[in-house]
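A short write-up of the structure that comes next.
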Amino acid sequence: MTVAPMRLASKGGSARRVPLRVVVLFILPAFALFAVFLLFPLLQAVSYSFFDWKGTRQQGFIGIDNYIRLFTDLPFSEQIPRALGHNLLFFAGTVVLQNSIGLFLAVQLQRFKRMRRLFQTLYTTPYLVSPLVVGYLWSLLLSPQFGLVNEALRVVGLDALALPWLGDPTLALPVLILISVWQWMGFPVLLYGAALGGLPVELNDAAAIDGANGWKRFRYVTGPMLTPVIGTVSILTFISSMEVFTLAYAVGGSTGSPAGATDVLSLLFYRVSFQSGLIDALGLSSALATLMLIFIFGGAVLATRLLARQERKLS
């Protein structure tokens with residue numbers, strides 16, 4: 001792949017060429033950082049997965065044996081499908097709630113000119129806090145003994161709803177999804193707000209003149225024009241959901257408590273790497289990390305192509 005010289009508009013309106021060496025000079029520092037801190041460790045982890053390890057000492061080349069072990073040996077053959085299923089459920093719940101609630105809040109904020117900045121700041125504040133802090137905070141709030149949530153329910157007479165939110169395997173994952181949505185809601189609100197502010201007002205006005213009510217204007221005019229933003233939010237949510245670790249660790253620990261109900265692939269990778277006690281843990285954990293990379297990258301590429309195809313249909 002070659003880098004073509006860039007063109008910049010001069011004062012007279014004509015374009016002038018930027019020398020290739022200048023373009024390379026500006027790109028090189030960012031590429032060097034990317035190569036040192038991301039690309040090289042990534043390729044190194046992939047290469048580690050094809051070797052046998054005794055502690056941190058590399059042994060012989062074993063091909064895909066580490067990958068085969070992940071799908072055939074216990075407990076990996078049971079824990080990987082369970083953790084992947086939890087990641088997919090986490091993504092499904094998060095993307096539906098973030099897109100629907102975030103878009104609803106952004107539409108409502110468009111109607112309030114004076115208080116818009118205040119509410120945008122309030123919605124954005126939680127994702128400025130570390131997920132580890134958020135997870136521990138909600139663990140305290142949802143504690144069945146002294147948590148403020150259950151105490152408030154008891155005060156208003158809803159004792160039946162004072163449940164062990166993070167101690168019930170059927171409730172733990174939905175609660176984890178809600179905590180994540182609460183923390184990251186400000187991100188889609190900002191994106192949808194910016195997109196709504198850039199839409200041409202004339203289209204909505206024309207639809208209103210033709211007799212379309214608010215719902216029809218949103219469904220047939222505003223909604224389709226927001227497709228790129230909806231796709232962007234969905235793809236970024238997919239990536240973050242497939243690699244979620246800190247929040248799940250803060251809520252359920254490294255084992256995904258209770259009873260593995262909040263176990264995800266990143267927690268499984270952490271256990272294989274640092275808690276399994278296996279002498280060949282480095283090769284197995286590298287193989288698991290490579291599988292996660294392939295799944296996340298493949299899913300993101302597929303979603304991007306589907307989004308581009310949908311955008312072409314709208315154009």
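Within each chain, counting starts at residue 1; across the structure tokens, chains are named A, B, ... in the order shown, with ligands numbered 1 upward in that order.
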List the spatial neighbours of range 96-110 of chain A as a list of chain:residue names - criterion: any atom at most 7 Å away, only C-alpha atoms, same-chain residues fewer than 3 positions off excluded.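 Result of the neighbour search: A:Ala92, A:Gly93, A:Lys113, A:Arg116, A:Val181, A:Met185, A:Pro188, A:Val189, A:Tyr192, A:Gly193, A:Ile230.
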Looking only at helix (DSSP H, G or I) from DSSP on the backbone, list the matching residues of range 100-248 of chain A as a PDB file with C-alpha atoms, in the first residue's frame.
```
ATOM      1  CA  SER A 100     -33.192   2.636  22.892  1.00  0.00           C
ATOM      2  CA  ILE A 101     -32.748   4.629  26.117  1.00  0.00           C
ATOM      3  CA  GLY A 102     -29.835   6.672  24.766  1.00  0.00           C
ATOM      4  CA  LEU A 103     -31.749   7.649  21.636  1.00  0.00           C
ATOM      5  CA  PHE A 104     -34.857   8.471  23.668  1.00  0.00           C
ATOM      6  CA  LEU A 105     -32.891  10.705  26.038  1.00  0.00           C
ATOM      7  CA  ALA A 106     -31.089  12.412  23.152  1.00  0.00           C
ATOM      8  CA  VAL A 107     -34.399  13.168  21.412  1.00  0.00           C
ATOM      9  CA  GLN A 108     -35.826  14.609  24.627  1.00  0.00           C
ATOM     10  CA  LEU A 109     -32.736  16.743  25.218  1.00  0.00           C
ATOM     11  CA  ARG A 116     -29.322  20.404  27.686  1.00  0.00           C
ATOM     12  CA  ARG A 117     -25.693  20.905  28.751  1.00  0.00           C
ATOM     13  CA  LEU A 118     -26.503  20.165  32.377  1.00  0.00           C
ATOM     14  CA  PHE A 119     -28.229  16.872  31.628  1.00  0.00           C
ATOM     15  CA  GLN A 120     -25.565  15.862  29.114  1.00  0.00           C
ATOM     16  CA  THR A 121     -22.973  16.390  31.830  1.00  0.00           C
ATOM     17  CA  LEU A 122     -24.993  14.370  34.338  1.00  0.00           C
ATOM     18  CA  TYR A 123     -25.440  11.490  31.900  1.00  0.00           C
ATOM     19  CA  THR A 124     -21.765  11.571  30.950  1.00  0.00           C
ATOM     20  CA  THR A 125     -20.282  11.705  34.458  1.00  0.00           C
ATOM     21  CA  PRO A 126     -20.569   7.958  35.338  1.00  0.00           C
ATOM     22  CA  TYR A 127     -18.371   6.764  32.469  1.00  0.00           C
ATOM     23  CA  LEU A 128     -15.605   9.089  33.652  1.00  0.00           C
ATOM     24  CA  PRO A 131     -15.480   0.557  36.090  1.00  0.00           C
ATOM     25  CA  LEU A 132     -13.758  -1.014  39.092  1.00  0.00           C
ATOM     26  CA  VAL A 133     -15.052   1.765  41.336  1.00  0.00           C
ATOM     27  CA  VAL A 134     -18.499   1.579  39.760  1.00  0.00           C
ATOM     28  CA  GLY A 135     -18.641  -2.183  40.289  1.00  0.00           C
ATOM     29  CA  TYR A 136     -17.664  -2.011  43.949  1.00  0.00           C
ATOM     30  CA  LEU A 137     -20.036   0.900  44.541  1.00  0.00           C
ATOM     31  CA  TRP A 138     -23.019  -0.999  43.123  1.00  0.00           C
ATOM     32  CA  SER A 139     -21.997  -4.123  45.034  1.00  0.00           C
ATOM     33  CA  LEU A 140     -22.392  -2.099  48.214  1.00  0.00           C
ATOM     34  CA  LEU A 141     -25.645  -0.492  47.109  1.00  0.00           C
ATOM     35  CA  LEU A 148     -29.375   1.202  50.191  1.00  0.00           C
ATOM     36  CA  VAL A 149     -31.450  -0.286  47.362  1.00  0.00           C
ATOM     37  CA  ASN A 150     -33.037  -3.032  49.455  1.00  0.00           C
ATOM     38  CA  GLU A 151     -33.351  -0.711  52.435  1.00  0.00           C
ATOM     39  CA  ALA A 152     -35.259   1.810  50.319  1.00  0.00           C
ATOM     40  CA  LEU A 153     -37.566  -0.943  49.046  1.00  0.00           C
ATOM     41  CA  ARG A 154     -38.318  -2.042  52.599  1.00  0.00           C
ATOM     42  CA  VAL A 155     -39.028   1.523  53.703  1.00  0.00           C
ATOM     43  CA  ASP A 159     -40.157  -6.042  51.003  1.00  0.00           C
ATOM     44  CA  ALA A 160     -40.878  -8.727  48.413  1.00  0.00           C
ATOM     45  CA  LEU A 161     -38.594  -6.911  45.953  1.00  0.00           C
ATOM     46  CA  PRO A 169     -27.575 -16.717  39.581  1.00  0.00           C
ATOM     47  CA  THR A 170     -30.706 -15.789  37.619  1.00  0.00           C
ATOM     48  CA  LEU A 171     -30.414 -12.080  38.517  1.00  0.00           C
ATOM     49  CA  ALA A 172     -26.669 -11.474  38.573  1.00  0.00           C
ATOM     50  CA  LEU A 173     -26.070 -11.150  34.814  1.00  0.00           C
ATOM     51  CA  PRO A 174     -29.116  -8.894  34.145  1.00  0.00           C
ATOM     52  CA  VAL A 175     -28.011  -6.677  37.051  1.00  0.00           C
ATOM     53  CA  LEU A 176     -24.481  -6.547  35.616  1.00  0.00           C
ATOM     54  CA  ILE A 177     -25.971  -5.447  32.273  1.00  0.00           C
ATOM     55  CA  LEU A 178     -27.999  -2.703  33.972  1.00  0.00           C
ATOM     56  CA  ILE A 179     -24.926  -1.442  35.835  1.00  0.00           C
ATOM     57  CA  SER A 180     -22.965  -1.277  32.578  1.00  0.00           C
ATOM     58  CA  VAL A 181     -25.820   0.552  30.827  1.00  0.00           C
ATOM     59  CA  TRP A 182     -26.031   3.033  33.716  1.00  0.00           C
ATOM     60  CA  GLN A 183     -22.320   3.760  33.500  1.00  0.00           C
ATOM     61  CA  TRP A 184     -21.999   4.107  29.724  1.00  0.00           C
ATOM     62  CA  GLY A 186     -23.798   9.102  28.394  1.00  0.00           C
ATOM     63  CA  PHE A 187     -21.784   7.883  25.398  1.00  0.00           C
ATOM     64  CA  PRO A 188     -24.740   7.109  23.087  1.00  0.00           C
ATOM     65  CA  VAL A 189     -26.573  10.163  24.416  1.00  0.00           C
ATOM     66  CA  LEU A 190     -23.724  12.391  23.220  1.00  0.00           C
ATOM     67  CA  LEU A 191     -23.417  10.646  19.848  1.00  0.00           C
ATOM     68  CA  TYR A 192     -27.140  10.699  19.152  1.00  0.00           C
ATOM     69  CA  GLY A 193     -27.379  14.283  20.344  1.00  0.00           C
ATOM     70  CA  ALA A 194     -24.638  15.362  17.939  1.00  0.00           C
ATOM     71  CA  ALA A 195     -26.259  13.423  15.086  1.00  0.00           C
ATOM     72  CA  LEU A 196     -29.706  14.879  15.763  1.00  0.00           C
ATOM     73  CA  GLY A 197     -28.255  18.372  15.859  1.00  0.00           C
ATOM     74  CA  VAL A 201     -34.610  20.527   9.682  1.00  0.00           C
ATOM     75  CA  GLU A 202     -36.234  20.917   6.268  1.00  0.00           C
ATOM     76  CA  LEU A 203     -36.969  17.195   5.930  1.00  0.00           C
ATOM     77  CA  ASN A 204     -38.919  17.047   9.191  1.00  0.00           C
ATOM     78  CA  ASP A 205     -40.737  20.264   8.308  1.00  0.00           C
ATOM     79  CA  ALA A 206     -41.720  18.857   4.913  1.00  0.00           C
ATOM     80  CA  ALA A 207     -42.975  15.643   6.514  1.00  0.00           C
ATOM     81  CA  ALA A 208     -45.007  17.664   9.028  1.00  0.00           C
ATOM     82  CA  ILE A 209     -46.572  19.686   6.212  1.00  0.00           C
ATOM     83  CA  GLY A 214     -44.191  12.838  15.415  1.00  0.00           C
ATOM     84  CA  TRP A 215     -43.831   9.052  15.405  1.00  0.00           C
ATOM     85  CA  LYS A 216     -44.049   8.790  11.611  1.00  0.00           C
ATOM     86  CA  ARG A 217     -41.504  11.593  11.175  1.00  0.00           C
ATOM     87  CA  PHE A 218     -39.118   9.759  13.478  1.00  0.00           C
ATOM     88  CA  ARG A 219     -39.730   6.363  11.870  1.00  0.00           C
ATOM     89  CA  TYR A 220     -39.471   7.393   8.226  1.00  0.00           C
ATOM     90  CA  VAL A 221     -37.234  10.480   8.366  1.00  0.00           C
ATOM     91  CA  THR A 222     -35.122  10.806  11.498  1.00  0.00           C
ATOM     92  CA  GLY A 223     -34.567   7.103  12.228  1.00  0.00           C
ATOM     93  CA  PRO A 224     -33.148   6.104   8.830  1.00  0.00           C
ATOM     94  CA  MET A 225     -30.768   9.072   8.863  1.00  0.00           C
ATOM     95  CA  THR A 227     -28.523   4.472  10.894  1.00  0.00           C
ATOM     96  CA  PRO A 228     -24.754   5.220  10.741  1.00  0.00           C
ATOM     97  CA  VAL A 229     -24.724   6.394  14.357  1.00  0.00           C
ATOM     98  CA  ILE A 230     -26.793   3.421  15.526  1.00  0.00           C
ATOM     99  CA  GLY A 231     -24.346   1.121  13.753  1.00  0.00           C
ATOM    100  CA  THR A 232     -21.342   2.864  15.282  1.00  0.00           C
ATOM    101  CA  VAL A 233     -22.758   2.609  18.802  1.00  0.00           C
ATOM    102  CA  SER A 234     -23.637  -1.054  18.232  1.00  0.00           C
ATOM    103  CA  ILE A 235     -20.176  -1.982  16.923  1.00  0.00           C
ATOM    104  CA  LEU A 236     -18.372  -0.207  19.766  1.00  0.00           C
ATOM    105  CA  THR A 237     -20.738  -1.845  22.256  1.00  0.00           C
ATOM    106  CA  PHE A 238     -19.965  -5.249  20.727  1.00  0.00           C
ATOM    107  CA  ILE A 239     -16.224  -4.725  21.115  1.00  0.00           C
ATOM    108  CA  SER A 240     -16.495  -3.502  24.713  1.00  0.00           C
ATOM    109  CA  SER A 241     -18.935  -6.299  25.630  1.00  0.00           C
ATOM    110  CA  MET A 242     -16.664  -9.023  24.257  1.00  0.00           C
ATOM    111  CA  THR A 246     -13.095  -4.783  35.138  1.00  0.00           C
ATOM    112  CA  LEU A 247     -16.790  -4.372  35.862  1.00  0.00           C
ATOM    113  CA  ALA A 248     -17.407  -8.134  35.894  1.00  0.00           C
TER     114      ALA A 248
END
```
9 Å contact set for range 40-46 of chain A, only C-alpha atoms, chain neighbours under 2 positions out, as a PyMOL selection string: chain A and resi 34-38+48-50+283+285-287+289-290
Among range 37-198 of chain A, which residues carry a DSSP assignment of strand (DSSP E or B), reported as a PyMOL selection string? chain A and resi 51-54+57-61
Please tabulate, as CSV, the residues of range 188-294 of chain A that come within 10 Å of range 74-87 of chain A, each with its closest pair of atoms and the distance in Å to one decimal, counting only C-alpha atoms and ordering rows by chain, then residue number upward.
```
residue,atom,partner,partner_atom,distance
A:Phe238,CA,A:Asn87,CA,9.2
A:Ser240,CA,A:Asn87,CA,9.8
A:Ser241,CA,A:Asn87,CA,6.2
A:Met242,CA,A:Asn87,CA,5.6
A:Glu243,CA,A:Asn87,CA,8.2
A:Val244,CA,A:Asn87,CA,8.0
A:Gly256,CA,A:Ala83,CA,9.2
A:Gly260,CA,A:Ala83,CA,8.5
A:Ala261,CA,A:His86,CA,7.9
A:Thr262,CA,A:His86,CA,6.9
A:Asp263,CA,A:Ala83,CA,5.3
A:Val264,CA,A:Ala83,CA,4.2
A:Leu265,CA,A:Ala83,CA,5.2
A:Ser266,CA,A:Ala83,CA,8.6
A:Leu267,CA,A:Ala83,CA,8.5
A:Leu268,CA,A:Ala83,CA,7.4
A:Phe269,CA,A:Ile80,CA,9.6
A:Val272,CA,A:Phe76,CA,9.1
A:Leu284,CA,A:Phe76,CA,10.0
A:Leu288,CA,A:Ile80,CA,9.1
A:Met292,CA,A:Leu84,CA,9.4
```
Å distance separating CA of Leu302 in chain A from CA of Val95 in chain A, one decimal place: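 Between CA of Leu302 in chain A and CA of Val95 in chain A the gap is 16.5 Å.
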State, in Å with one decimal place, the distance from CA of Ile62 in chain A to CA of Gly299 in chain A.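 The value is 28.0 Å.
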Pairwise distance for CA of Arg305 in chain A and CA of Leu291 in chain A, rounded to one decimal in Å: 21.1 Å
With only C-alpha atoms as the basis for distance, which of A:Gly252, A:Asp210, A:Lys54, A:Leu70 is at the shortest distance from Gly277 in chain A?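 The closest residue to Gly277 in chain A is A:Lys54.
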Write out as a PDB file with C-alpha atoms, in the first residue's frame each polymer residue whose atoms come within 7 Å of Asp280 in chain A, counting only C-alpha atoms; drop sequence neighbours fewer than 6 positions from it.
```
ATOM      1  CA  ASP A  52       4.731 -25.553  24.582  1.00  0.00           C
ATOM      2  CA  TRP A  53       5.731 -23.741  27.755  1.00  0.00           C
ATOM      3  CA  LYS A  54       7.208 -24.761  31.077  1.00  0.00           C
ATOM      4  CA  GLY A  55       6.522 -21.732  33.194  1.00  0.00           C
TER       5      GLY A  55
END
```
